[in-house]
>>> print(open('run11.csv').read())   # CSV, C-alpha atoms and all ligand atoms
chain,number,residue,atom,x,y,z
P,1,MET,CA,0.0,0.0,0.0
P,2,SER,CA,1.4,3.5,-0.9
P,3,GLU,CA,1.8,6.2,1.7
P,4,PHE,CA,-1.3,7.5,3.5
P,5,SER,CA,-1.8,10.5,5.7
P,6,ILE,CA,-4.1,11.1,8.7
P,7,ILE,CA,-5.8,14.5,8.7
P,8,ARG,CA,-8.2,16.1,11.2
P,9,ALA,CA,-11.4,16.4,9.1
P,10,SER,CA,-13.5,19.5,8.6
P,11,GLU,CA,-16.6,20.3,6.6
P,12,ALA,CA,-14.3,20.3,3.5
P,13,ASP,CA,-13.9,16.6,3.9
P,14,ALA,CA,-17.6,15.8,4.3
P,15,ALA,CA,-18.1,14.9,0.6
P,16,ASP,CA,-15.3,12.3,0.7
P,17,LEU,CA,-16.4,11.0,4.1
P,18,GLY,CA,-19.9,10.6,2.7
P,19,VAL,CA,-18.4,8.3,-0.1
P,20,ILE,CA,-16.2,6.1,2.1
P,21,GLY,CA,-18.6,5.9,5.0
P,22,PRO,CA,-21.4,4.0,3.3
P,23,ALA,CA,-19.0,1.9,1.2
P,24,ALA,CA,-16.8,0.8,4.1
P,25,TYR,CA,-19.9,0.0,6.3
P,26,ALA,CA,-21.6,-1.9,3.5
P,27,ALA,CA,-18.4,-3.9,2.7
P,28,ALA,CA,-18.1,-5.1,6.3
P,29,TYR,CA,-21.7,-5.4,7.5
P,30,HIS,CA,-24.1,-5.8,4.5
P,31,ASP,CA,-24.8,-9.3,5.6
P,32,ASP,CA,-26.4,-8.1,8.8
P,33,TRP,CA,-29.3,-6.6,6.8
P,34,ASP,CA,-32.0,-8.2,4.7
P,35,ASP,CA,-34.4,-5.3,4.9
P,36,ALA,CA,-33.4,-2.8,2.1
P,37,VAL,CA,-35.2,0.1,3.7
P,38,GLY,CA,-33.6,-0.4,7.1
P,39,PHE,CA,-30.2,-0.8,5.4
P,40,PHE,CA,-30.7,2.4,3.4
P,41,HIS,CA,-31.3,4.3,6.7
P,42,GLN,CA,-28.2,2.8,8.2
P,43,LEU,CA,-26.1,3.7,5.2
P,44,LYS,CA,-27.5,7.3,5.2
P,45,SER,CA,-26.2,7.7,8.7
P,46,PHE,CA,-22.7,7.4,7.1
P,47,GLY,CA,-23.5,9.9,4.3
P,48,GLU,CA,-22.3,13.4,3.7
P,49,ASP,CA,-25.2,15.1,5.5
P,50,ALA,CA,-24.7,12.9,8.5
P,51,PHE,CA,-20.9,13.8,8.6
P,52,LEU,CA,-21.8,17.5,8.3
P,53,ALA,CA,-24.1,17.1,11.3
P,54,THR,CA,-21.5,15.2,13.3
P,55,LEU,CA,-18.7,17.7,12.5
P,56,ALA,CA,-21.0,20.5,13.7
P,57,ARG,CA,-21.3,18.9,17.2
P,58,PRO,CA,-18.9,20.7,19.6
P,59,GLU,CA,-17.8,17.4,21.2
P,60,ALA,CA,-17.0,15.7,17.8
P,61,ARG,CA,-13.5,15.1,16.5
P,62,VAL,CA,-13.1,13.4,13.2
P,63,TRP,CA,-10.1,12.2,11.2
P,64,ILE,CA,-9.8,11.1,7.6
P,65,ALA,CA,-7.1,8.8,6.2
P,66,ARG,CA,-6.1,9.9,2.7
P,67,GLN,CA,-4.1,8.1,0.0
P,68,ASP,CA,-3.3,9.6,-3.4
P,69,GLY,CA,-5.6,12.5,-2.5
P,70,VAL,CA,-8.7,10.5,-1.8
P,71,GLY,CA,-10.3,9.2,1.4
P,72,ILE,CA,-9.7,5.6,2.4
P,73,GLY,CA,-10.9,5.5,6.0
P,74,PHE,CA,-12.1,7.6,8.9
P,75,LEU,CA,-12.5,7.7,12.7
P,76,THR,CA,-15.1,9.7,14.7
P,77,MET,CA,-14.7,10.6,18.4
P,78,PHE,CA,-17.0,12.3,20.9
P,79,VAL,CA,-15.1,13.7,23.9
P,80,GLY,CA,-16.8,13.6,27.3
P,81,SER,CA,-18.9,10.5,26.5
P,82,LEU,CA,-19.0,8.0,29.3
P,83,GLU,CA,-18.8,4.2,28.7
P,84,PRO,CA,-22.2,2.7,29.2
P,85,ILE,CA,-21.3,-0.2,31.6
P,86,ASN,CA,-20.0,1.8,34.6
P,87,SER,CA,-20.7,5.4,33.4
P,88,ARG,CA,-17.1,6.2,34.4
P,89,GLU,CA,-16.0,9.8,34.1
P,90,GLY,CA,-13.1,11.0,31.8
P,91,GLY,CA,-14.1,9.1,28.7
P,92,ALA,CA,-14.0,9.7,25.0
P,93,GLU,CA,-16.1,7.5,22.7
P,94,ILE,CA,-15.0,6.3,19.3
P,95,PRO,CA,-18.3,5.5,17.7
P,96,ARG,CA,-17.0,4.8,14.3
P,97,ILE,CA,-13.7,3.6,12.7
P,98,TYR,CA,-14.0,2.3,9.2
P,99,LEU,CA,-11.5,1.6,6.3
P,100,LEU,CA,-12.3,0.7,2.7
P,101,PRO,CA,-11.5,-3.0,2.2
P,102,GLY,CA,-8.2,-2.3,0.3
P,103,ALA,CA,-7.0,-0.2,3.2
P,104,ARG,CA,-7.4,-2.8,5.9
P,105,ARG,CA,-4.5,-4.5,7.7
P,106,GLY,CA,-2.0,-1.9,6.6
P,107,GLY,CA,-1.8,0.0,9.9
P,108,THR,CA,-4.2,2.8,8.9
P,109,GLY,CA,-6.6,2.0,11.7
P,110,LYS,CA,-3.9,2.2,14.3
P,111,LYS,CA,-2.7,5.5,13.0
P,112,LEU,CA,-6.3,6.9,13.1
P,113,LEU,CA,-6.6,5.7,16.7
P,114,GLU,CA,-3.2,7.2,17.7
P,115,ALA,CA,-4.4,10.6,16.4
P,116,ALA,CA,-7.6,10.3,18.4
P,117,GLU,CA,-5.8,9.1,21.5
P,118,ALA,CA,-3.4,12.1,21.4
P,119,GLN,CA,-6.4,14.5,21.1
P,120,ALA,CA,-8.4,12.8,23.8
P,121,LYS,CA,-5.4,13.0,26.2
P,122,ALA,CA,-4.8,16.6,25.3
P,123,GLU,CA,-8.4,17.3,26.3
P,124,GLY,CA,-8.0,15.5,29.7
P,125,ALA,CA,-9.6,12.1,28.9
P,126,SER,CA,-8.2,9.1,30.8
P,127,TYR,CA,-9.7,6.4,28.5
P,128,VAL,CA,-11.3,5.9,25.2
P,129,TRP,CA,-14.1,3.4,24.6
P,130,LEU,CA,-16.1,1.9,21.8
P,131,ASP,CA,-18.6,-0.8,21.1
P,132,VAL,CA,-18.4,-3.4,18.4
P,133,MET,CA,-20.7,-6.1,17.0
P,134,GLU,CA,-19.9,-9.4,18.8
P,135,HIS,CA,-19.6,-11.2,15.4
P,136,ALA,CA,-17.0,-8.7,14.0
P,137,GLU,CA,-14.1,-10.9,15.1
P,138,TRP,CA,-11.7,-9.0,12.7
P,139,ALA,CA,-12.5,-5.7,14.5
P,140,ILE,CA,-12.3,-7.2,18.0
P,141,ALA,CA,-8.9,-8.7,17.0
P,142,ALA,CA,-7.7,-5.3,16.0
P,143,TYR,CA,-8.9,-3.6,19.2
P,144,GLU,CA,-7.3,-6.2,21.4
P,145,ARG,CA,-4.1,-5.8,19.4
P,146,TRP,CA,-4.3,-2.0,20.0
P,147,GLY,CA,-4.7,-2.4,23.8
P,148,PHE,CA,-8.5,-2.4,24.3
P,149,THR,CA,-10.1,-4.6,27.0
P,150,ASP,CA,-13.7,-6.0,27.0
P,151,ILE,CA,-15.7,-4.6,29.9
P,152,GLY,CA,-19.2,-5.9,29.1
P,153,GLY,CA,-22.1,-6.4,26.7
P,154,ASN,CA,-24.4,-4.0,24.9
P,155,MET,CA,-27.1,-4.3,22.2
P,156,PHE,CA,-27.2,-2.8,18.7
P,157,SER,CA,-30.2,-0.6,18.5
P,158,GLY,CA,-31.0,-1.1,14.8
P,159,GLY,CA,-33.2,-3.8,13.3
P,160,LEU,CA,-30.9,-6.5,11.8
P,161,ARG,CA,-31.6,-9.6,9.7
P,162,PRO,CA,-33.9,-12.0,11.7
P,163,GLY,CA,-31.7,-14.5,13.6
P,164,ARG,CA,-28.7,-12.2,13.4
P,165,SER,CA,-27.4,-11.4,16.9
P,166,ARG,CA,-27.6,-7.8,18.0
P,167,ALA,CA,-25.1,-8.4,20.7
P,168,MET,CA,-22.2,-6.0,21.0
P,169,ARG,CA,-19.1,-5.8,23.2
P,170,VAL,CA,-18.0,-2.7,25.0
P,171,MET,CA,-14.2,-2.2,25.0
P,172,VAL,CA,-12.0,0.3,26.8
P,173,LYS,CA,-8.4,1.5,26.4
P,174,GLU,CA,-6.7,3.4,29.2
P,175,LEU,CA,-4.7,6.5,28.1
P,176,LYS,CA,-1.4,6.4,29.9
P,201,LIG,C1,-11.3,-2.9,12.1
P,201,LIG,C2,-10.4,-2.0,11.4
P,201,LIG,C3,-10.7,-0.5,11.7
P,201,LIG,C4,-8.9,-2.3,11.8
P,201,LIG,O1,-8.0,-1.4,11.2
P,201,LIG,P1,-6.7,-2.0,10.4
P,201,LIG,O2,-5.9,-0.8,9.9
P,201,LIG,O3,-7.2,-3.0,9.4
P,201,LIG,O4,-5.9,-2.7,11.5
P,201,LIG,P2,-4.4,-3.0,11.6
P,201,LIG,O5,-3.8,-3.0,10.2
P,201,LIG,O6,-3.8,-2.0,12.6
P,201,LIG,O7,-4.4,-4.4,12.1
P,201,LIG,C5,-4.3,-4.7,13.5
P,201,LIG,C6,-4.7,-6.1,13.8
P,201,LIG,O8,-6.1,-6.3,13.7
P,201,LIG,C7,-6.4,-7.6,13.4
P,201,LIG,N1,-7.1,-7.6,12.2
P,201,LIG,C8,-7.4,-6.6,11.3
P,201,LIG,N2,-8.2,-7.0,10.3
P,201,LIG,C9,-8.4,-8.3,10.5
P,201,LIG,C10,-9.1,-9.3,9.8
P,201,LIG,N3,-9.8,-9.0,8.6
P,201,LIG,N4,-9.1,-10.6,10.3
P,201,LIG,C11,-8.5,-10.9,11.4
P,201,LIG,N5,-7.8,-10.0,12.1
P,201,LIG,C12,-7.7,-8.7,11.7
P,201,LIG,C13,-5.1,-8.3,13.2
P,201,LIG,O9,-4.7,-8.8,14.5
P,201,LIG,C14,-4.2,-7.2,12.8
P,201,LIG,O10,-2.8,-7.4,13.0
P,201,LIG,P3,-1.9,-8.1,11.9
P,201,LIG,O11,-2.3,-7.5,10.5
P,201,LIG,O12,-0.5,-7.9,12.3
P,201,LIG,O13,-2.3,-9.6,12.0
P,201,LIG,C15,-10.5,-2.2,9.8
P,201,LIG,O14,-10.1,-3.6,9.5
P,201,LIG,C16,-11.9,-2.0,9.2
P,201,LIG,O15,-12.2,-0.8,8.9
P,201,LIG,N6,-12.7,-3.0,9.1
P,201,LIG,C17,-14.0,-2.9,8.5
P,201,LIG,C18,-15.0,-1.9,9.2
P,201,LIG,C19,-15.1,-2.3,10.6
P,201,LIG,O16,-15.5,-3.4,10.9
P,201,LIG,N7,-15.0,-1.3,11.5
P,201,LIG,C20,-15.2,-1.5,12.9
P,201,LIG,C21,-16.5,-1.1,13.3
P,201,LIG,S1,-16.8,-1.3,15.0
>>> encode(input="run11.csv", output="structure tokens")
Amino acid sequence: MSEFSIIRASEADAADLGVIGPAAYAAAYHDDWDDAVGFFHQLKSFGEDAFLATLARPEARVWIARQDGVGIGFLTMFVGSLEPINSREGGAEIPRIYLLPGARRGGTGKKLLEAAEAQAKAEGASYVWLDVMEHAEWAIAAYERWGFTDIGGNMFSGGLRPGRSRAMRVMVKELK
């Protein structure tokens, strides 16, 4: 994979984020959905307008990974968000971290996380947290590799394919 860069995203990146968001989500999780309408709404939550709304939130910090001038992945973070198991103070949530398929396993995810951790620390957070679908073993493997620990279970709020588990794991990483 050729060189990529990690850039703090602004409104100017929303169009690219709105392309890679739905594509990266669909590539990884399309099989969770058999209801096209529900899937559409989920994909829309990764679209350009959704990113503009996220970027406008005062607690939101967003990074985009770029390669050859185009977006290949992104990470969103909300500072001041408490993990849902113990409601512990000092948290920053990483609700979304997604790479296009060709960008996976090249260290891009880790670089996005490092940018978010540095920012979270600079803003006084003592830990970052996220939740992940229990069946997404590739993502859980990455988070464990990056130093996250499982602290409990959660449930996905959307309506997935019948029979598909909505179980999620909540994972925390201490910021040293
Ligand atoms: C999960 C994700 C963000 C990880 O980022 P990444 O840049 O691919 O991760 P890294 O290159 O740092 O890999 C770290 C480790 O994660 C694990 N890992 C990553 N992808 C994996 C896969 N497909 N299968 C098994 N393990 C995987 C491996 O242990 C890997 O280390 P290794 O390559 O030395 O074996 C990325 O794969 C992705 O965007 N996946 C699709 C979308 C997604 O599921 N996002 C998470 C939503 S909660």
>>> residues_near_ligand(input="run11.csv", ligand="ligand LIG 201 (chain P)", cutoff="7 Å", atoms="all atoms listed in the file", output="PyMOL selection string")
chain P and resi 24-25+28+96-101+103-110+131-133+136-139+141-143+145
>>> residues_around(input="run11.csv", residues="P:Gly80", least_positions_apart="6", cutoff="8 Å", atoms="only C-alpha atoms", output="list of chain:residue names")
P:Glu59, P:Glu89, P:Gly90, P:Gly91, P:Ala92, P:Glu93, P:Ala125
>>> atom_distance(input="run11.csv", atom1="atom CA of P:Leu55", atom2="atom CA of P:Trp33")
27.1 Å
>>> closest_residue(input="run11.csv", among="P:Gly47, P:Glu134, P:Ala116, P:Val37", to="P:Thr76", atoms="only C-alpha atoms")
P:Ala116
>>> closest_residue(input="run11.csv", among="P:Ala14, P:Met77, P:Leu112, P:Leu43", to="P:Trp129", atoms="only C-alpha atoms")
P:Met77
>>> closest_residue(input="run11.csv", among="P:Tyr29, P:Phe156, P:Phe74, P:Phe51", to="P:Val170", atoms="all atoms listed in the file")
P:Phe156
>>> residues_near_point(input="run11.csv", point="(-14.8, 8.4, 1.5)", cutoff="8 Å", atoms="only C-alpha atoms", output="PyMOL selection string")
chain P and resi 15-21+23+70-74
>>> atom_distance(input="run11.csv", atom1="atom CA of P:Glu114", atom2="atom CA of P:Leu75")
10.6 Å
>>> closest_residue(input="run11.csv", among="P:Ile64, P:Gly159, P:Gly153, P:Ser5", to="P:Phe40", atoms="all atoms listed in the file")
P:Gly159
>>> atom_distance(input="run11.csv", atom1="atom CA of P:Asn86", atom2="atom CA of P:Trp146")
21.8 Å
>>> closest_residue(input="run11.csv", among="P:Met168, P:Leu160, P:Val62, P:Leu113", to="P:Ala36", atoms="only C-alpha atoms")
P:Leu160
>>> closest_residue(input="run11.csv", among="P:Lys173, P:Gly158, P:Ala56, P:Ala50", to="P:Asp35", atoms="all atoms listed in the file")
P:Gly158
>>> residues_around(input="run11.csv", residues="P:Ala115", least_positions_apart="3", cutoff="9 Å", atoms="all atoms listed in the file", output="list in words")
Ile6, Ile7, Arg8, Trp63, Lys110, Lys111, Leu112, Ala118, Gln119 and Ala120 of chain P
>>> decode(input="run11.csv", residues="stretch 86-162 of chain P", atoms="C-alpha atoms", output="short mmCIF file (atom, residue, chain, number, x, y, z; two decimals), in the first residue's frame")
data_model
loop_
_atom_site.label_atom_id
_atom_site.label_comp_id
_atom_site.auth_asym_id
_atom_site.auth_seq_id
_atom_site.Cartn_x
_atom_site.Cartn_y
_atom_site.Cartn_z
CA ASN P 86 -20.00 1.82 34.64
CA SER P 87 -20.65 5.40 33.41
CA ARG P 88 -17.07 6.20 34.37
CA GLU P 89 -15.96 9.83 34.11
CA GLY P 90 -13.12 10.95 31.82
CA GLY P 91 -14.14 9.06 28.69
CA ALA P 92 -13.96 9.72 24.97
CA GLU P 93 -16.09 7.54 22.70
CA ILE P 94 -14.95 6.25 19.33
CA PRO P 95 -18.31 5.47 17.72
CA ARG P 96 -16.96 4.76 14.25
CA ILE P 97 -13.69 3.59 12.73
CA TYR P 98 -13.96 2.30 9.17
CA LEU P 99 -11.54 1.60 6.33
CA LEU P 100 -12.27 0.74 2.71
CA PRO P 101 -11.49 -2.96 2.15
CA GLY P 102 -8.20 -2.35 0.29
CA ALA P 103 -6.95 -0.19 3.17
CA ARG P 104 -7.39 -2.81 5.90
CA ARG P 105 -4.48 -4.48 7.69
CA GLY P 106 -1.95 -1.86 6.64
CA GLY P 107 -1.76 0.00 9.94
CA THR P 108 -4.17 2.78 8.88
CA GLY P 109 -6.65 1.99 11.65
CA LYS P 110 -3.93 2.17 14.28
CA LYS P 111 -2.72 5.53 12.95
CA LEU P 112 -6.27 6.91 13.09
CA LEU P 113 -6.57 5.65 16.67
CA GLU P 114 -3.23 7.23 17.65
CA ALA P 115 -4.42 10.63 16.39
CA ALA P 116 -7.64 10.27 18.39
CA GLU P 117 -5.83 9.12 21.55
CA ALA P 118 -3.43 12.08 21.43
CA GLN P 119 -6.35 14.48 21.08
CA ALA P 120 -8.37 12.76 23.83
CA LYS P 121 -5.38 12.95 26.18
CA ALA P 122 -4.75 16.61 25.32
CA GLU P 123 -8.38 17.27 26.31
CA GLY P 124 -7.97 15.50 29.66
CA ALA P 125 -9.58 12.14 28.91
CA SER P 126 -8.23 9.14 30.83
CA TYR P 127 -9.68 6.45 28.54
CA VAL P 128 -11.28 5.86 25.15
CA TRP P 129 -14.12 3.39 24.60
CA LEU P 130 -16.09 1.86 21.76
CA ASP P 131 -18.63 -0.83 21.11
CA VAL P 132 -18.38 -3.44 18.41
CA MET P 133 -20.66 -6.14 17.00
CA GLU P 134 -19.88 -9.40 18.78
CA HIS P 135 -19.61 -11.23 15.42
CA ALA P 136 -17.03 -8.74 14.02
CA GLU P 137 -14.08 -10.86 15.10
CA TRP P 138 -11.74 -8.97 12.71
CA ALA P 139 -12.50 -5.69 14.50
CA ILE P 140 -12.31 -7.21 18.00
CA ALA P 141 -8.91 -8.72 17.05
CA ALA P 142 -7.70 -5.27 15.96
CA TYR P 143 -8.95 -3.59 19.15
CA GLU P 144 -7.32 -6.22 21.36
CA ARG P 145 -4.10 -5.79 19.43
CA TRP P 146 -4.32 -2.03 20.03
CA GLY P 147 -4.74 -2.43 23.82
CA PHE P 148 -8.52 -2.42 24.31
CA THR P 149 -10.12 -4.64 26.99
CA ASP P 150 -13.67 -6.03 26.97
CA ILE P 151 -15.71 -4.58 29.88
CA GLY P 152 -19.19 -5.91 29.11
CA GLY P 153 -22.06 -6.38 26.71
CA ASN P 154 -24.39 -4.00 24.90
CA MET P 155 -27.13 -4.32 22.25
CA PHE P 156 -27.21 -2.85 18.74
CA SER P 157 -30.25 -0.57 18.52
CA GLY P 158 -31.04 -1.09 14.81
CA GLY P 159 -33.17 -3.82 13.27
CA LEU P 160 -30.91 -6.47 11.77
CA ARG P 161 -31.63 -9.58 9.71
CA PRO P 162 -33.87 -12.01 11.68
#
